[in-house]
file work.pdb (PDB, C-alpha atoms (C1' of nucleotides))
ATOM      1  CA  MET A   1    -104.386  -9.449  53.926
ATOM      2  CA  MET A   2    -104.349  -5.884  55.137
ATOM      3  CA  PRO A   3    -104.321  -3.123  52.521
ATOM      4  CA  SER A   4    -100.915  -1.636  52.069
ATOM      5  CA  ASN A   5    -101.900   1.914  51.274
ATOM      6  CA  GLN A   6    -103.687   4.337  53.534
ATOM      7  CA  TRP A   7    -106.096   5.550  50.851
ATOM      8  CA  GLN A   8    -107.045   1.980  50.042
ATOM      9  CA  ARG A   9    -107.839   1.318  53.684
ATOM     10  CA  ALA A  10    -109.853   4.503  53.961
ATOM     11  CA  ARG A  11    -112.026   3.736  50.954
ATOM     12  CA  GLN A  12    -112.722   0.044  51.203
ATOM     13  CA  THR A  13    -115.052   0.356  54.177
ATOM     14  CA  ARG A  14    -117.611   2.171  52.063
ATOM     15  CA  SER A  15    -116.930   0.739  48.614
ATOM     16  CA  GLU A  16    -116.221  -2.905  49.482
ATOM     17  CA  LEU A  17    -113.916  -2.819  46.472
ATOM     18  CA  VAL A  18    -110.203  -3.380  46.866
ATOM     19  CA  ILE A  19    -107.300  -3.047  44.511
ATOM     20  CA  PRO A  20    -105.145  -6.219  44.341
ATOM     21  CA  PRO A  21    -101.603  -5.724  45.618
ATOM     22  CA  GLY A  22     -99.239  -4.613  42.874
ATOM     23  CA  LEU A  23    -101.908  -3.529  40.412
ATOM     24  CA  VAL A  24    -101.387   0.170  41.067
ATOM     25  CA  GLN A  25     -97.808  -0.127  39.892
ATOM     26  CA  THR A  26     -98.914  -1.550  36.535
ATOM     27  CA  TRP A  27    -101.492   1.225  36.255
ATOM     28  CA  ILE A  28     -98.808   3.841  36.745
ATOM     29  CA  THR A  29     -96.709   2.183  34.051
ATOM     30  CA  GLN A  30     -99.691   2.148  31.678
ATOM     31  CA  GLN A  31    -100.382   5.812  32.281
ATOM     32  CA  HIS A  32     -96.798   6.740  31.455
ATOM     33  CA  GLU A  33     -96.987   4.682  28.270
ATOM     34  CA  VAL A  34    -100.316   6.171  27.183
ATOM     35  CA  ALA A  35     -99.050   9.693  27.916
ATOM     36  CA  THR A  36     -96.195   8.985  25.538
ATOM     37  CA  ARG A  37     -98.662   8.387  22.713
ATOM     38  CA  MET A  38    -100.678  11.564  23.292
ATOM     39  CA  THR A  39    -100.263  14.179  20.586
ATOM     40  CA  GLU A  40    -100.968  17.869  20.924
ATOM     41  CA  LEU A  41    -102.049  19.756  17.820
ATOM     42  CA  PRO A  42    -104.475  22.507  16.873
ATOM     43  CA  TYR A  43    -107.974  21.462  15.910
ATOM     44  CA  PRO A  44    -108.966  23.508  12.847
ATOM     45  CA  GLY A  45    -112.326  25.290  12.948
ATOM     46  CA  LEU A  46    -115.223  24.014  15.000
ATOM     47  CA  PRO A  47    -116.602  20.466  14.975
ATOM     48  CA  ARG A  48    -120.281  20.112  14.070
ATOM     49  CA  PHE A  49    -120.882  16.817  15.833
ATOM     50  CA  VAL A  50    -119.515  16.778  19.356
ATOM     51  CA  ALA A  51    -119.647  13.631  21.463
ATOM     52  CA  ALA A  52    -119.512  13.387  25.241
ATOM     53  CA  ALA A  53    -119.270  10.518  27.708
ATOM     54  CA  ASP A  54    -120.201  10.478  31.375
ATOM     55  CA  ALA A  55    -120.786   7.853  34.063
ATOM     56  CA  ALA A  56    -122.851   7.261  37.200
ATOM     57  CA  PHE A  57    -123.501   4.326  39.559
ATOM     58  CA  SER A  58    -126.531   2.069  39.669
ATOM     59  CA  LEU A  59    -128.702   2.567  42.744
ATOM     60  CA  ASP A  60    -127.257  -0.531  44.404
ATOM     61  CA  GLY A  61    -123.807   0.928  43.801
ATOM     62  CA  LYS A  62    -122.539  -2.158  41.978
ATOM     63  CA  MET A  63    -122.713  -1.080  38.356
ATOM     64  CA  CYS A  64    -121.085   1.672  36.392
ATOM     65  CA  VAL A  65    -123.683   3.232  34.097
ATOM     66  CA  ALA A  66    -122.008   4.964  31.168
ATOM     67  CA  VAL A  67    -123.720   7.267  28.696
ATOM     68  CA  ALA A  68    -122.338   8.553  25.402
ATOM     69  CA  VAL A  69    -124.051  11.201  23.311
ATOM     70  CA  VAL A  70    -123.590  12.968  20.002
ATOM     71  CA  TRP A  71    -124.686  16.585  19.938
ATOM     72  CA  ASP A  72    -125.214  18.647  16.791
ATOM     73  CA  ARG A  73    -123.583  21.968  17.584
ATOM     74  CA  GLU A  74    -125.081  23.721  14.577
ATOM     75  CA  LYS A  75    -128.655  22.669  15.212
ATOM     76  CA  THR A  76    -127.995  22.666  18.974
ATOM     77  CA  GLU A  77    -129.767  19.347  19.347
ATOM     78  CA  LEU A  78    -129.068  15.845  20.598
ATOM     79  CA  VAL A  79    -128.780  13.377  17.724
ATOM     80  CA  GLU A  80    -127.954  10.161  19.590
ATOM     81  CA  HIS A  81    -127.486   8.719  23.039
ATOM     82  CA  VAL A  82    -126.472   5.224  24.126
ATOM     83  CA  VAL A  83    -126.076   3.472  27.475
ATOM     84  CA  ALA A  84    -123.615   0.794  28.635
ATOM     85  CA  ARG A  85    -123.338  -0.962  31.980
ATOM     86  CA  ARG A  86    -120.444  -2.751  33.637
ATOM     87  CA  PRO A  87    -119.820  -4.060  37.133
ATOM     88  CA  LEU A  88    -117.677  -1.713  39.204
ATOM     89  CA  GLU A  89    -114.399  -3.456  39.901
ATOM     90  CA  PHE A  90    -112.335  -0.825  41.662
ATOM     91  CA  PRO A  91    -112.848   1.926  44.197
ATOM     92  CA  TYR A  92    -112.321   5.526  43.293
ATOM     93  CA  VAL A  93    -108.722   6.482  43.856
ATOM     94  CA  PRO A  94    -107.532   9.937  42.781
ATOM     95  CA  THR A  95    -105.429   9.788  39.568
ATOM     96  CA  PHE A  96    -106.798   6.337  38.629
ATOM     97  CA  LEU A  97    -110.330   7.259  37.588
ATOM     98  CA  SER A  98    -109.983   5.755  34.120
ATOM     99  CA  PHE A  99    -109.482   2.267  35.549
ATOM    100  CA  ARG A 100    -112.779   2.567  37.422
ATOM    101  CA  GLU A 101    -114.964   4.081  34.707
ATOM    102  CA  GLY A 102    -112.981   3.741  31.497
ATOM    103  CA  ALA A 103    -114.212   0.337  30.316
ATOM    104  CA  ALA A 104    -117.895   1.258  30.626
ATOM    105  CA  LEU A 105    -117.290   4.590  28.928
ATOM    106  CA  GLN A 106    -115.472   2.917  26.045
ATOM    107  CA  ASP A 107    -118.320   0.420  25.664
ATOM    108  CA  ALA A 108    -120.787   3.268  25.364
ATOM    109  CA  ILE A 109    -118.657   5.221  22.912
ATOM    110  CA  ALA A 110    -118.303   2.124  20.728
ATOM    111  CA  MET A 111    -122.104   1.833  20.589
ATOM    112  CA  LEU A 112    -122.522   5.215  18.913
ATOM    113  CA  LYS A 113    -123.650   4.910  15.307
ATOM    114  CA  HIS A 114    -123.574   8.560  14.373
ATOM    115  CA  ALA A 115    -120.274  10.099  13.335
ATOM    116  CA  TRP A 116    -118.584  12.636  15.611
ATOM    117  CA  GLU A 117    -115.446  14.750  15.377
ATOM    118  CA  VAL A 118    -114.488  15.581  18.947
ATOM    119  CA  ILE A 119    -115.353  13.975  22.265
ATOM    120  CA  CYS A 120    -115.574  15.648  25.683
ATOM    121  CA  PHE A 121    -115.010  13.874  28.981
ATOM    122  CA  ASP A 122    -116.064  14.620  32.526
ATOM    123  CA  GLY A 123    -112.605  14.838  34.082
ATOM    124  CA  GLN A 124    -109.041  15.850  33.364
ATOM    125  CA  GLY A 125    -106.952  15.071  30.314
ATOM    126  CA  PHE A 126    -103.386  16.403  30.388
ATOM    127  CA  ALA A 127    -104.015  18.092  33.741
ATOM    128  CA  HIS A 128    -103.023  14.945  35.603
ATOM    129  CA  PRO A 129     -99.905  14.179  37.688
ATOM    130  CA  ARG A 130     -98.708  11.777  34.982
ATOM    131  CA  ARG A 131    -100.423  13.702  32.162
ATOM    132  CA  CYS A 132    -102.875  10.858  31.663
ATOM    133  CA  GLY A 133    -106.293  11.745  33.008
ATOM    134  CA  ILE A 134    -109.368   9.867  31.790
ATOM    135  CA  ALA A 135    -109.847  12.170  28.794
ATOM    136  CA  THR A 136    -106.322  11.539  27.565
ATOM    137  CA  HIS A 137    -106.414   7.843  28.366
ATOM    138  CA  ILE A 138    -109.593   7.115  26.389
ATOM    139  CA  SER A 139    -108.903   9.571  23.558
ATOM    140  CA  VAL A 140    -105.509   7.980  22.962
ATOM    141  CA  MET A 141    -107.062   4.499  22.956
ATOM    142  CA  LEU A 142    -109.519   5.699  20.328
ATOM    143  CA  ASP A 143    -106.868   7.814  18.618
ATOM    144  CA  ARG A 144    -109.513  10.517  18.206
ATOM    145  CA  PRO A 145    -109.594  14.209  19.214
ATOM    146  CA  GLY A 146    -110.665  14.585  22.840
ATOM    147  CA  ILE A 147    -111.021  17.234  25.543
ATOM    148  CA  GLY A 148    -110.938  16.976  29.332
ATOM    149  CA  VAL A 149    -113.524  19.027  31.201
ATOM    150  CA  GLY A 150    -113.195  18.850  34.976
ATOM    151  CA  LYS A 151    -115.591  20.459  37.413
ATOM    152  CA  SER A 152    -112.795  20.668  39.953
ATOM    153  CA  ARG A 153    -109.008  20.562  40.043
ATOM    154  CA  LEU A 154    -106.891  17.436  40.322
ATOM    155  CA  CYS A 155    -103.439  19.006  40.286
ATOM    156  CA  GLY A 156    -101.759  22.322  39.553
ATOM    157  CA  GLN A 157    -102.636  25.867  40.478
ATOM    158  CA  ALA A 158    -104.500  28.592  38.616
ATOM    159  CA  ARG A 159    -105.365  32.183  39.434
ATOM    160  CA  ASP A 160    -109.055  32.782  39.640
ATOM    161  CA  PRO A 161    -110.045  33.967  36.168
ATOM    162  CA  GLY A 162    -112.089  37.143  35.608
ATOM    163  CA  LEU A 163    -115.763  36.940  36.514
ATOM    164  CA  LYS A 164    -117.081  37.186  32.959
ATOM    165  CA  ALA A 165    -117.894  34.145  30.841
ATOM    166  CA  GLY A 166    -114.927  33.391  28.585
ATOM    167  CA  ALA A 167    -112.301  34.551  31.090
ATOM    168  CA  TRP A 168    -109.540  32.058  31.770
ATOM    169  CA  SER A 169    -106.168  31.604  33.432
ATOM    170  CA  PRO A 170    -103.428  29.016  32.913
ATOM    171  CA  LEU A 171    -103.378  25.919  35.118
ATOM    172  CA  ILE A 172     -99.770  25.240  36.098
ATOM    173  CA  HIS A 173     -98.334  22.012  37.496
ATOM    174  CA  ARG A 174     -94.605  21.646  38.164
ATOM    175  CA  GLN A 175     -93.652  24.675  36.078
ATOM    176  CA  GLN A 176     -95.673  23.385  33.136
ATOM    177  CA  GLN A 177     -99.007  24.576  31.795
ATOM    178  CA  VAL A 178    -101.334  21.586  31.890
ATOM    179  CA  GLY A 179    -104.636  23.281  31.115
ATOM    180  CA  ILE A 180    -106.769  26.298  31.968
ATOM    181  CA  ALA A 181    -109.344  27.396  34.512
ATOM    182  CA  LEU A 182    -112.186  28.571  32.289
ATOM    183  CA  ARG A 183    -115.171  30.656  33.332
ATOM    184  CA  THR A 184    -118.004  29.359  31.184
ATOM    185  CA  ARG A 185    -120.685  31.470  32.841
ATOM    186  CA  ASP A 186    -120.703  34.822  34.656
ATOM    187  CA  GLY A 187    -119.893  34.454  38.318
ATOM    188  CA  VAL A 188    -119.950  30.647  38.552
ATOM    189  CA  LYS A 189    -117.006  28.424  39.482
ATOM    190  CA  PRO A 190    -114.627  27.903  36.568
ATOM    191  CA  LEU A 191    -114.189  24.615  34.734
ATOM    192  CA  PHE A 192    -110.763  22.991  34.383
ATOM    193  CA  VAL A 193    -110.185  22.342  30.714
ATOM    194  CA  SER A 194    -107.245  20.364  29.375
ATOM    195  CA  VAL A 195    -106.145  18.582  26.246
ATOM    196  CA  GLY A 196    -107.179  14.978  25.772
ATOM    197  CA  HIS A 197    -105.520  13.984  22.501
ATOM    198  CA  ARG A 198    -105.084  15.403  18.975
ATOM    199  CA  MET A 199    -105.949  18.797  20.360
ATOM    200  CA  ASP A 200    -104.311  21.913  21.785
ATOM    201  CA  ILE A 201    -105.517  24.041  24.669
ATOM    202  CA  ALA A 202    -106.529  27.018  22.510
ATOM    203  CA  SER A 203    -108.711  24.752  20.371
ATOM    204  CA  ALA A 204    -110.123  23.013  23.448
ATOM    205  CA  ARG A 205    -111.109  26.357  24.977
ATOM    206  CA  ARG A 206    -112.713  27.483  21.711
ATOM    207  CA  ILE A 207    -114.690  24.261  21.356
ATOM    208  CA  VAL A 208    -115.870  24.151  24.973
ATOM    209  CA  LEU A 209    -117.098  27.736  24.744
ATOM    210  CA  ALA A 210    -118.766  27.023  21.382
ATOM    211  CA  CYS A 211    -120.703  24.187  23.026
ATOM    212  CA  GLY A 212    -121.946  26.431  25.813
ATOM    213  CA  ARG A 213    -125.682  27.071  26.071
ATOM    214  CA  GLY A 214    -125.727  29.391  29.042
ATOM    215  CA  TYR A 215    -124.891  26.775  31.659
ATOM    216  CA  ARG A 216    -121.630  26.011  33.418
ATOM    217  CA  LEU A 217    -121.133  22.719  31.584
ATOM    218  CA  PRO A 218    -120.842  22.475  27.804
ATOM    219  CA  GLU A 219    -124.116  21.128  26.403
ATOM    220  CA  PRO A 220    -122.980  17.625  25.318
ATOM    221  CA  ILE A 221    -121.648  16.892  28.821
ATOM    222  CA  ARG A 222    -124.661  18.455  30.484
ATOM    223  CA  ILE A 223    -126.984  16.256  28.433
ATOM    224  CA  ALA A 224    -124.936  13.108  29.055
ATOM    225  CA  ASP A 225    -124.932  13.925  32.766
ATOM    226  CA  ARG A 226    -128.698  14.289  32.822
ATOM    227  CA  ILE A 227    -129.294  11.018  30.967
ATOM    228  CA  THR A 228    -126.886   9.280  33.281
ATOM    229  CA  LYS A 229    -129.038  10.151  36.302
ATOM    230  CA  VAL A 230    -132.182   8.825  34.602
ATOM    231  CA  GLU A 231    -130.502   5.581  33.533
ATOM    232  CA  ARG A 232    -129.008   4.734  36.909
ATOM    233  CA  ALA A 233    -132.482   3.984  38.191
ATOM    234  CA  LYS A 234    -133.190   1.335  35.558
TER
ATOM    235  C1'  DG B   1     -93.997  13.226  57.714
ATOM    236  C1'  DC B   2     -97.984  16.248  56.054
ATOM    237  C1'  DG B   3    -101.412  17.821  52.942
ATOM    238  C1'  DA B   4    -103.941  17.276  48.380
ATOM    239  C1'  DC B   5    -106.741  14.439  45.919
ATOM    240  C1'  DA B   6    -110.986  14.358  38.673
ATOM    241  C1'  DG B   7    -115.508  11.248  39.495
TER
ATOM    242  C1'  DA C   1    -119.686  10.181  42.326
ATOM    243  C1'  DT C   2    -123.667  10.052  46.214
ATOM    244  C1'  DC C   3    -126.351  11.746  50.281
ATOM    245  C1'  DT C   4    -129.124  15.651  51.727
ATOM    246  C1'  DT C   5    -132.473  20.963  53.804
ATOM    247  C1'  DG C   6    -132.863  24.996  53.510
ATOM    248  C1'  DT C   7    -131.538  29.234  51.348
ATOM    249  C1'  DC C   8    -130.133  32.989  48.109
ATOM    250  C1'  DG C   9    -130.909  35.268  43.708
ATOM    251  C1'  DC C  10    -132.667  35.991  38.936
TER
END
call {"tool": "encode", "arguments": {"input": "work.pdb", "output": "structure tokens"}}
result
Amino acid sequence: MMPSNQWQRARQTRSELVIPPGLVQTWITQQHEVATRMTELPYPGLPRFVAAADAAFSLDGKMCVAVAVVWDREKTELVEHVVARRPLEFPYVPTFLSFREGAALQDAIAMLKHAWEVICFDGQGFAHPRRCGIATHISVMLDRPGIGVGKSRLCGQARDPGLKAGAWSPLIHRQQQVGIALRTRDGVKPLFVSVGHRMDIASARRIVLACGRGYRLPEPIRIADRITKVERAK
DNA sequence: GCGACAG
DNA sequence: ATCTTGTCGC
């Protein structure tokens, strides 16, 4: 049967993966339901143990390789990292990233033995058309504080923040602030930070900056990203 | 109908 | 995300 959506047709040639007819509608329903359960509240102080989760593909492109780490912000050192693998079932379709990578990421997070207080994700949280990016989706499932850290924008518009590290500007989507564009390093492209769950944007900004070690990405995500590229070869 | 579109 | 060469700047 021919794919019904243009984006599905465009992607399947390269990915070989197809989304069964009707599944997208149930995904949209799930996202609305999960968004309903998200809570926004200030996170007091700064967490000592910050987790992060990131994913990559195996070299043959058939597996999702997920890495979760726990980083000690006070000692600025990695205390744990774990790896989980799952077959890729769906192609990448904008706004449905969590259905492609979410299961593997949750497997990895569940493997962590060390305690953590906040978790950072590579992708949007509230800054999503249905306010349910991967950071919100997984954080709500875990019912733990989470932050979305995107390297690029999914939706909304933001003025370019000042050039100095720490500068930021609100990210607005449909008259609503959904996150911020945050300059984490002088002169480099800003990050798009948004709330995942049990968090507010001021706290998220504070925490992301507190995890910075002079690079664009906060250290826990940068470390997870690096491990991910080593593990995909195995 | 057209353009935009996390990883 | 992944592929992929040289190039610019500290």
call {"tool": "residues_around", "arguments": {"input": "work.pdb", "residues": "region 2-5 of chain C", "least_positions_apart": "2", "cutoff": "12 Å", "atoms": "all atoms listed in the file", "output": "PyMOL selection string"}}
result
(chain A and resi 14-15+56-61+229+232) or (chain B and resi 7) or (chain C and resi 7)
call {"tool": "resolve_selection", "arguments": {"input": "work.pdb", "expression": "the PyMOL selection byres ((chain A) within 12 of (chain B))", "output": "PyMOL selection string"}}
result
chain A and resi 7+54-57+64+91-102+121-129+132-135+148-157+191-194+225
call {"tool": "atom_distance", "arguments": {"input": "work.pdb", "atom1": "CA of Arg130 (chain A)", "atom2": "CA of Leu41 (chain A)"}}
result
19.2 Å
call {"tool": "atom_distance", "arguments": {"input": "work.pdb", "atom1": "CA of Trp71 (chain A)", "atom2": "CA of Ile147 (chain A)"}}
result
14.8 Å
call {"tool": "closest_residue", "arguments": {"input": "work.pdb", "among": "A:Pro87, A:Met199, A:Thr228, A:Gln176", "to": "chain C", "atoms": "only C-alpha atoms (C1' of nucleotides)"}}
result
A:Thr228
call {"tool": "axis_aligned_box", "arguments": {"input": "work.pdb", "around": "chain B", "padding_each_side": "5 Å", "output": "AutoDock Vina command-line options"}}
result
--center_x -104.8 --center_y 14.5 --center_z 48.2 --size_x 31.5 --size_y 16.6 --size_z 29.0
call {"tool": "atom_distance", "arguments": {"input": "work.pdb", "atom1": "CA of Val178 (chain A)", "atom2": "CA of Arg226 (chain A)"}}
result
28.3 Å
